[in-house]
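Q: Contents of run19.tsv (TSV, C-alpha atoms) are given next:
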chain	number	residue	atom	x	y	z
Z	928	MET	CA	-5.53	0.77	-1.50
Z	929	LYS	CA	-4.57	-0.36	-4.97
Z	930	LYS	CA	-3.96	-3.55	-6.90
Z	931	ILE	CA	-0.65	-5.30	-6.16
Z	932	ASN	CA	0.86	-7.63	-8.73
Z	933	LYS	CA	3.24	-10.09	-7.09
Z	934	GLY	CA	6.52	-10.73	-8.87
Z	935	ILE	CA	8.68	-13.83	-8.74
Z	936	GLU	CA	9.16	-15.28	-5.27
Z	937	PRO	CA	12.61	-14.38	-3.91
Z	938	TYR	CA	15.11	-17.22	-4.16
Z	939	TYR	CA	16.01	-17.24	-0.45
Z	940	LEU	CA	12.37	-17.51	0.58
Z	941	ALA	CA	11.57	-20.21	-1.97
Z	942	ALA	CA	14.60	-22.28	-0.92
Z	943	TYR	CA	13.87	-21.83	2.78
Z	944	THR	CA	10.23	-22.84	2.32
Z	945	PHE	CA	11.24	-25.90	0.32
Z	946	ASN	CA	13.54	-27.06	3.09
Z	947	ASN	CA	11.37	-25.91	6.00
Z	948	PRO	CA	7.77	-26.13	4.76
Z	949	GLU	CA	6.18	-25.98	8.21
Z	950	ASP	CA	8.40	-23.30	9.74
Z	951	ASN	CA	7.15	-19.88	10.85
Z	952	TRP	CA	8.25	-16.36	10.00
Z	953	LYS	CA	9.52	-14.57	13.09
Z	954	ASN	CA	11.50	-17.39	14.66
Z	955	GLY	CA	12.01	-19.21	11.38
Z	956	PHE	CA	12.80	-17.40	8.14
Z	957	LYS	CA	13.39	-13.95	9.64
Z	958	ARG	CA	15.85	-15.31	12.21
Z	959	ASN	CA	17.55	-17.94	10.09
Z	960	ALA	CA	17.68	-16.51	6.57
Z	961	GLY	CA	20.28	-13.91	7.49
Z	962	LYS	CA	20.72	-10.36	6.29
Z	963	ASP	CA	20.77	-11.27	2.60
Z	964	GLY	CA	17.61	-13.36	2.76
Z	965	ASN	CA	15.61	-10.74	4.63
Z	966	LEU	CA	16.90	-7.94	2.42
Z	967	GLN	CA	15.95	-9.88	-0.71
Z	968	VAL	CA	12.36	-10.26	0.52
Z	969	LYS	CA	12.18	-6.62	1.54
Z	970	ASN	CA	13.48	-5.37	-1.80
Z	971	ALA	CA	11.12	-7.65	-3.72
Z	972	LEU	CA	8.11	-6.38	-1.79
Z	973	ILE	CA	9.09	-2.75	-2.31
Z	974	GLU	CA	9.66	-3.39	-6.01
Z	975	ASP	CA	6.33	-5.19	-6.48
Z	976	GLN	CA	4.48	-2.43	-4.64
Z	977	LYS	CA	6.34	0.38	-6.38
Z	978	GLY	CA	7.51	1.72	-3.03
Z	979	LEU	CA	4.08	2.11	-1.42
Z	980	CYS	CA	2.45	0.65	1.69
Z	981	ALA	CA	0.04	-2.11	0.71
Z	982	TYR	CA	-2.75	-0.53	2.76
Z	983	CYS	CA	-2.48	3.25	3.04
Z	984	GLU	CA	-0.15	3.94	0.07
Z	985	ILE	CA	2.30	6.10	2.00
Z	986	ASP	CA	5.84	5.82	0.66
Z	987	LEU	CA	7.89	3.10	2.35
Z	988	LYS	CA	10.64	5.48	3.32
Z	989	LEU	CA	14.11	4.23	4.24
Z	990	GLY	CA	15.99	5.48	7.29
Z	991	ASN	CA	19.40	5.01	5.62
Z	992	GLY	CA	21.02	3.99	8.90
Z	993	LEU	CA	19.96	7.17	10.70
Z	994	ALA	CA	16.54	5.89	11.77
Z	995	LEU	CA	14.37	2.83	11.31
Z	996	ASP	CA	12.87	2.27	7.88
Z	997	ASP	CA	9.16	2.96	7.63
Z	998	PHE	CA	8.69	-0.62	6.46
Z	999	ARG	CA	7.86	-4.03	7.79
Z	1000	VAL	CA	6.72	-7.34	6.39
Z	1001	GLU	CA	2.98	-7.86	6.80
Z	1002	HIS	CA	1.12	-11.17	6.56
Z	1003	PHE	CA	-2.36	-10.59	5.13
Z	1004	VAL	CA	-3.48	-13.81	6.76
Z	1005	PRO	CA	-1.51	-13.64	10.05
Z	1006	GLU	CA	1.18	-16.24	10.60
Z	1007	ASN	CA	-0.26	-16.71	14.09
Z	1008	PRO	CA	-3.96	-15.87	13.70
Z	1009	THR	CA	-6.25	-15.64	16.70
Z	1010	GLU	CA	-8.43	-18.38	15.18
Z	1011	ASP	CA	-7.63	-21.73	13.60
Z	1012	ILE	CA	-7.33	-21.97	9.80
Z	1013	ASN	CA	-7.21	-25.50	8.49
Z	1014	ASP	CA	-6.68	-25.14	4.74
Z	1015	GLY	CA	-3.19	-26.66	4.54
Z	1016	ILE	CA	-1.45	-23.40	3.59
Z	1017	ASN	CA	1.51	-22.17	5.62
Z	1018	TYR	CA	0.66	-18.47	5.46
Z	1019	ALA	CA	3.82	-17.59	7.39
Z	1020	LEU	CA	5.99	-18.41	4.36
Z	1021	SER	CA	3.53	-18.04	1.46
Z	1022	TRP	CA	4.89	-15.40	-0.93
Z	1023	ASN	CA	1.42	-14.35	-2.07
Z	1024	ASN	CA	0.52	-13.67	1.56
Z	1025	LEU	CA	3.44	-11.32	2.23
Z	1026	LEU	CA	3.00	-7.57	1.85
Z	1027	GLY	CA	5.16	-4.54	2.51
Z	1028	CYS	CA	3.54	-2.26	5.05
Z	1029	CYS	CA	4.38	1.01	6.79
Z	1030	SER	CA	4.79	1.13	10.56
Z	1031	GLY	CA	1.24	2.40	10.97
Z	1032	GLY	CA	2.33	5.25	13.23
Z	1033	ASN	CA	3.50	3.12	16.17
Z	1034	GLN	CA	7.30	3.05	15.71
Z	1035	LYS	CA	9.02	5.70	17.82
Z	1036	SER	CA	12.43	5.49	16.13
Z	1037	ILE	CA	11.05	5.75	12.60
Z	1038	VAL	CA	12.41	7.97	9.87
Z	1039	ASP	CA	10.64	11.38	9.88
Z	1040	LYS	CA	9.24	10.55	13.30
Z	1041	GLU	CA	7.89	14.09	13.70
Z	1042	SER	CA	5.14	13.24	11.23
Z	1043	ARG	CA	5.18	9.43	11.05
Z	1044	TYR	CA	5.20	8.48	14.72
Z	1045	THR	CA	1.68	9.31	15.84
Z	1046	ASN	CA	0.97	7.15	18.90
Z	1047	PRO	CA	-1.90	6.41	19.57
Z	1048	ASP	CA	-3.08	7.43	16.06
Z	1049	PHE	CA	-2.56	4.07	14.35
Z	1050	SER	CA	-3.45	2.52	11.00
Z	1051	CYS	CA	-2.71	-0.35	8.63
Z	1052	ASP	CA	-1.37	-3.53	10.23
Z	1053	VAL	CA	-1.40	-2.08	13.77
Z	1054	PRO	CA	-5.18	-2.36	14.32
Z	1055	LYS	CA	-5.20	-5.54	12.21
Z	1056	ALA	CA	-2.67	-7.27	14.49
Z	1057	ASN	CA	-3.17	-11.08	14.44
Z	1058	ARG	CA	-6.79	-10.94	13.28
Z	1059	ASN	CA	-7.70	-12.90	10.20
Z	1060	TRP	CA	-9.73	-10.51	8.05
Z	1061	LEU	CA	-9.70	-12.67	4.93
Z	1062	GLY	CA	-12.99	-11.97	3.17
Z	1063	VAL	CA	-13.69	-9.04	5.50
Z	1064	ILE	CA	-11.32	-6.42	4.11
Z	1065	LEU	CA	-9.78	-6.21	0.64
Z	1066	ASN	CA	-6.67	-8.24	-0.09
Z	1067	PRO	CA	-4.60	-5.99	-2.39
Z	1068	VAL	CA	-3.29	-9.05	-4.23
Z	1069	ASN	CA	-6.48	-11.01	-4.82
Z	1070	ASP	CA	-9.47	-8.72	-4.27
Z	1071	ILE	CA	-8.64	-5.35	-5.83
Z	1072	PRO	CA	-8.90	-4.99	-9.61
Z	1073	SER	CA	-6.65	-2.69	-11.61
Z	1074	TYR	CA	-9.82	-1.08	-12.96
Z	1075	PRO	CA	-12.01	0.54	-11.91
Z	1076	ARG	CA	-10.63	2.68	-9.12
Z	1077	LEU	CA	-12.52	1.80	-5.93
Z	1078	PHE	CA	-12.11	4.91	-3.80
Z	1079	SER	CA	-12.77	8.63	-3.92
Z	1080	TYR	CA	-11.52	11.43	-1.66
Z	1081	ASP	CA	-12.71	14.59	0.00
Z	1082	GLU	CA	-10.55	17.34	-1.45
Z	1083	VAL	CA	-11.16	19.59	1.56
Z	1084	THR	CA	-10.47	17.09	4.34
Z	1085	GLY	CA	-8.36	14.43	2.64
Z	1086	GLU	CA	-10.67	11.66	3.82
Z	1087	ILE	CA	-11.05	8.45	1.79
Z	1088	GLN	CA	-14.40	6.87	1.00
Z	1089	VAL	CA	-15.73	4.15	-1.28
Z	1090	ASP	CA	-16.65	5.54	-4.70
Z	1091	GLU	CA	-20.32	4.58	-4.79
Z	1092	ARG	CA	-20.56	5.24	-8.53
Z	1093	ILE	CA	-17.95	2.81	-9.77
Z	1094	CYS	CA	-16.92	0.40	-7.02
Z	1095	PRO	CA	-18.22	-3.08	-7.97
Z	1096	GLN	CA	-21.13	-4.01	-5.74
Z	1097	GLU	CA	-19.67	-7.41	-4.86
Z	1098	ILE	CA	-16.66	-5.86	-3.09
Z	1099	LYS	CA	-18.24	-2.64	-1.83
Z	1100	GLY	CA	-18.69	-4.03	1.68
Z	1101	GLN	CA	-15.07	-5.17	1.89
Z	1102	ALA	CA	-13.92	-1.78	0.61
Z	1103	GLU	CA	-15.89	-0.01	3.34
Z	1104	GLU	CA	-14.58	-2.38	6.00
Z	1105	SER	CA	-11.02	-1.80	4.77
Z	1106	ILE	CA	-11.33	1.91	5.49
Z	1107	ILE	CA	-12.82	1.32	8.92
Z	1108	LYS	CA	-10.76	-1.60	10.18
Z	1109	LEU	CA	-7.38	-0.42	8.81
Z	1110	LYS	CA	-8.16	3.12	10.05
Z	1111	LEU	CA	-7.35	4.66	6.69
Z	1112	ASN	CA	-8.89	7.93	7.85
Z	1113	SER	CA	-6.52	8.27	10.77
Z	1114	GLU	CA	-5.46	11.84	11.50
Z	1115	ARG	CA	-1.95	11.17	10.16
Z	1116	LEU	CA	-3.14	9.76	6.83
Z	1117	VAL	CA	-5.80	12.40	6.29
Z	1118	LYS	CA	-3.17	15.10	6.81
Z	1119	PHE	CA	-0.77	13.50	4.32
Z	1120	ARG	CA	-3.48	13.01	1.70
Z	1121	LYS	CA	-4.72	16.59	2.11
Z	1122	ALA	CA	-1.19	17.85	1.50
Z	1123	THR	CA	-0.93	15.67	-1.61
Z	1124	LEU	CA	-4.21	16.97	-3.03
Z	1125	ASP	CA	-3.26	20.57	-2.23
Z	1126	LYS	CA	0.03	20.12	-4.06
Z	1127	LEU	CA	-1.80	18.73	-7.08
Z	1128	ALA	CA	-4.11	21.74	-7.13
Z	1129	GLU	CA	-1.13	24.10	-7.01
Z	1130	GLN	CA	0.62	22.22	-9.82
Z	1131	LEU	CA	-2.50	22.28	-11.94
Z	1132	GLN	CA	-2.86	26.03	-11.50
Z	1133	ALA	CA	0.77	26.53	-12.50
Z	1134	TYR	CA	0.35	24.40	-15.64
Z	1135	MET	CA	-2.81	26.31	-16.56
Z	1136	LEU	CA	-0.82	29.53	-16.84
Z	1137	GLU	CA	0.55	28.11	-20.09
Z	1138	VAL	CA	-2.00	25.59	-21.40
Z	1139	GLU	CA	-5.71	24.84	-21.28
Z	1140	GLU	CA	-7.08	22.91	-18.29
Z	1141	ASP	CA	-7.58	19.61	-20.11
Z	1142	VAL	CA	-4.00	19.70	-21.43
Z	1143	ALA	CA	-2.70	20.65	-17.99
Z	1144	ILE	CA	-4.46	17.69	-16.37
Z	1145	ARG	CA	-3.16	15.34	-19.05
Z	1146	ASN	CA	0.38	16.65	-18.54
Z	1147	LEU	CA	0.10	16.08	-14.80
Z	1148	ALA	CA	-1.11	12.53	-15.37
Z	1149	GLU	CA	1.90	11.85	-17.56
Z	1150	ASP	CA	4.18	13.28	-14.87
Z	1151	TYR	CA	2.74	11.16	-12.08
Z	1152	PHE	CA	2.11	7.91	-13.94
Z	1153	ASN	CA	4.74	6.76	-16.41
Z	1154	ASN	CA	6.86	3.71	-17.08
Z	1155	GLU	CA	10.07	5.49	-16.15
Z	1156	LEU	CA	9.07	5.56	-12.49
Z	1157	ILE	CA	10.68	2.92	-10.30
Z	1158	GLU	CA	8.32	3.95	-7.51
Z	1159	TYR	CA	4.79	5.32	-7.70
Z	1160	PRO	CA	3.92	8.59	-5.95
Z	1161	ALA	CA	2.65	8.29	-2.40
Z	1162	PHE	CA	-1.15	8.15	-2.15
Z	1163	PHE	CA	-1.35	6.86	-5.69
Z	1164	THR	CA	-5.13	6.33	-5.67
Z	1165	ALA	CA	-5.85	9.82	-4.34
Z	1166	ILE	CA	-3.82	11.27	-7.21
Z	1167	ARG	CA	-5.58	8.92	-9.63
Z	1168	TRP	CA	-8.94	10.14	-8.37
Z	1169	TYR	CA	-7.97	13.82	-8.62
Z	1170	LEU	CA	-6.75	13.50	-12.22
Z	1171	ALA	CA	-9.86	11.52	-13.16
Z	1172	ASP	CA	-10.17	10.47	-16.82
Z	1173	ALA	CA	-6.69	11.72	-17.67
Z	1174	ALA	CA	-5.24	9.37	-15.06
Z	1175	GLU	CA	-7.26	6.43	-16.37
Z	1176	ASP	CA	-6.11	7.11	-19.93
Z	1177	GLN	CA	-2.51	7.37	-18.84
Z	1178	LEU	CA	-2.66	4.22	-16.69
Z	1179	ASN	CA	-4.13	2.34	-19.64
Z	1180	ALA	CA	-1.31	3.65	-21.83
Z	1181	ILE	CA	1.35	2.26	-19.48
Z	1182	HIS	CA	-0.57	-1.03	-19.05
Z	1183	PHE	CA	-1.19	-0.59	-15.33
Would you give me this structure, written as structure tokens?

A:
Amino acid sequence: MKKINKGIEPYYLAAYTFNNPEDNWKNGFKRNAGKDGNLQVKNALIEDQKGLCAYCEIDLKLGNGLALDDFRVEHFVPENPTEDINDGINYALSWNNLLGCCSGGNQKSIVDKESRYTNPDFSCDVPKANRNWLGVILNPVNDIPSYPRLFSYDEVTGEIQVDERICPQEIKGQAEESIIKLKLNSERLVKFRKATLDKLAEQLQAYMLEVEEDVAIRNLAEDYFNNELIEYPAFFTAIRWYLADAAEDQLNAIHF
């Protein structure tokens, strides 16, 4: 999980909310806003999140008409939570409450279903369902800082864990609960992250045939994190962890 900076609220959503302030999502905006309205929200979420799932950081891959996109709109505070919330906010239509999320492994007709459909190996919004975990897990918009990085990874297994050395104490518990409750160490995600870390190791070795290790790591950081990228690489934080100080320097340079 990484920090998400929300951009400007899409026009269709803002207009719909203004005219229908108490409406819901599924039978309200999603049904009534039409193709253009839904597409505008989808594109805005993907743009804000640099193409990554708000929870696991897999790439939000498009099916291009041949399969379902590995994408859906997630409400951090559910539009229909299992418990009452009486704070006057309509979370169904609140832009800051909307996230772009992967299918969590439960969509059979998904793009790349051989690796992305992993029933019953679920993650992300699937185990979350309609539970309100505000204050229990990390909200990528409000709770996660840009710095420091909160998580570390096991290079051998691909498992994610809270980085005990640098994760701020006040959010350490939420970070741990995020891993557990969102099942971020599901078999599918661990396999993807392991492949990402293995690829990084291979790339580093190839670079080191020509330059010293510190230069090679810096070059990799510049490849993976630069302002020319419309989308960030999948498993952004795992890559950030692997490249260590070079990644932090590069992210600072591009004003992450």

Q: Might you pull out every residue within 10 Å of Z:Ala1102, with all atoms listed in the file counted and same-chain residues fewer than 6 positions away left off, and present them as number ranges by chain?

A: Z: 928, 1063-1066, 1070-1071, 1077-1078, 1088-1090, 1094-1096

Q: Kindly save the residues from that selection, with C-alpha atoms included, as a compact mmCIF listing (two decimals), in the coordinates of the input.

A:
# COMPACT_ATOMS: atom_id res chain seq x y z
CA MET Z 928 -5.53 0.77 -1.50
CA VAL Z 1063 -13.69 -9.04 5.50
CA ILE Z 1064 -11.32 -6.42 4.11
CA LEU Z 1065 -9.78 -6.21 0.64
CA ASN Z 1066 -6.67 -8.24 -0.09
CA ASP Z 1070 -9.47 -8.72 -4.27
CA ILE Z 1071 -8.64 -5.35 -5.83
CA LEU Z 1077 -12.52 1.80 -5.93
CA PHE Z 1078 -12.11 4.91 -3.80
CA GLN Z 1088 -14.40 6.87 1.00
CA VAL Z 1089 -15.73 4.15 -1.28
CA ASP Z 1090 -16.65 5.54 -4.70
CA CYS Z 1094 -16.92 0.40 -7.02
CA PRO Z 1095 -18.22 -3.08 -7.97
CA GLN Z 1096 -21.13 -4.01 -5.74

Q: Have a look at Z:Ile1157, Z:Leu993, Z:Ala1143, Z:Ile1106 and name the one nearest to Z:Gly978; count only C-alpha atoms.

A: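 Using only C-alpha atoms, Z:Gly978 sits closest to Z:Ile1157.
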
Q: Can you pull out every residue within 12 Å of stretch 1016-1024 of chain Z, counting all atoms listed in the file, but drop anything in the same chain fewer than 2 positions away, and send it as an MDAnalysis selection string?

A: chainID Z and resid 931:957 968:969 971:972 975 981 1000:1008 1011:1014 1026:1027 1057 1059 1061 1066:1069

Q: Considering all atoms listed in the file, state which residue in the set Z:Arg1092, Z:Lys1118, Z:Arg1145, Z:Lys1099 is at the smallest distance from Z:Ile985.

A: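 Looking only at the distances to Z:Ile985, the closest residue turns out to be Z:Lys1118.
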
Q: Considering all atoms listed in the file, state which residue in the set Z:Arg958, Z:Glu1103, Z:Arg1076, Z:Leu1116 is at the smallest distance from Z:Cys1029.

A: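 When distances to Z:Cys1029 are compared using all atoms listed in the file, the smallest one comes from Z:Leu1116.
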
Q: With a distance cut-off of 12 Å and only C-alpha atoms, select the neighbouring residues of stretch 1034-1039 of chain Z, excluding the residue or stretch itself and same-chain residues fewer than 2 positions from it, and output the selection as a list in words.

A: Asp986, Leu987, Lys988, Leu989, Gly990, Asn991, Gly992, Leu993, Ala994, Leu995, Asp996, Asp997, Phe998, Arg999, Cys1029, Ser1030, Gly1031, Gly1032, Glu1041, Ser1042, Arg1043, Tyr1044, Thr1045, Asn1046, Pro1047, Asp1048, Phe1049, Ser1050 and Val1053 of chain Z

Q: Let me see the file: selected residues, C-alpha atoms, as a compact mmCIF listing (two decimals), in the coordinates of the input.

A:
# COMPACT_ATOMS: atom_id res chain seq x y z
CA ASP Z 986 5.84 5.82 0.66
CA LEU Z 987 7.89 3.10 2.35
CA LYS Z 988 10.64 5.48 3.32
CA LEU Z 989 14.11 4.23 4.24
CA GLY Z 990 15.99 5.48 7.29
CA ASN Z 991 19.40 5.01 5.62
CA GLY Z 992 21.02 3.99 8.90
CA LEU Z 993 19.96 7.17 10.70
CA ALA Z 994 16.54 5.89 11.77
CA LEU Z 995 14.37 2.83 11.31
CA ASP Z 996 12.87 2.27 7.88
CA ASP Z 997 9.16 2.96 7.63
CA PHE Z 998 8.69 -0.62 6.46
CA ARG Z 999 7.86 -4.03 7.79
CA CYS Z 1029 4.38 1.01 6.79
CA SER Z 1030 4.79 1.13 10.56
CA GLY Z 1031 1.24 2.40 10.97
CA GLY Z 1032 2.33 5.25 13.23
CA GLU Z 1041 7.89 14.09 13.70
CA SER Z 1042 5.14 13.24 11.23
CA ARG Z 1043 5.18 9.43 11.05
CA TYR Z 1044 5.20 8.48 14.72
CA THR Z 1045 1.68 9.31 15.84
CA ASN Z 1046 0.97 7.15 18.90
CA PRO Z 1047 -1.90 6.41 19.57
CA ASP Z 1048 -3.08 7.43 16.06
CA PHE Z 1049 -2.56 4.07 14.35
CA SER Z 1050 -3.45 2.52 11.00
CA VAL Z 1053 -1.40 -2.08 13.77

Q: Can you tell me how far atom CA of Z:Asn1154 sits from atom CA of Z:Gln1130, in Å to one decimal?

A: 20.8 Å

Q: Given the choices Z:Tyr1080, Z:Phe1163, Z:Tyr1134, Z:Tyr982, which gets closest to Z:Lys1121 if the distance is worked out from only C-alpha atoms?

A: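 Nearest candidate to Z:Lys1121 out of Z:Tyr1080, Z:Phe1163, Z:Tyr1134, Z:Tyr982: Z:Tyr1080.
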
Q: Go ahead and compute the interatomic distance for atom CA of Z:Ser1079 and atom CA of Z:Leu1136, in Å to one decimal.

A: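 That distance, rounded to one decimal, is 27.3 Å.
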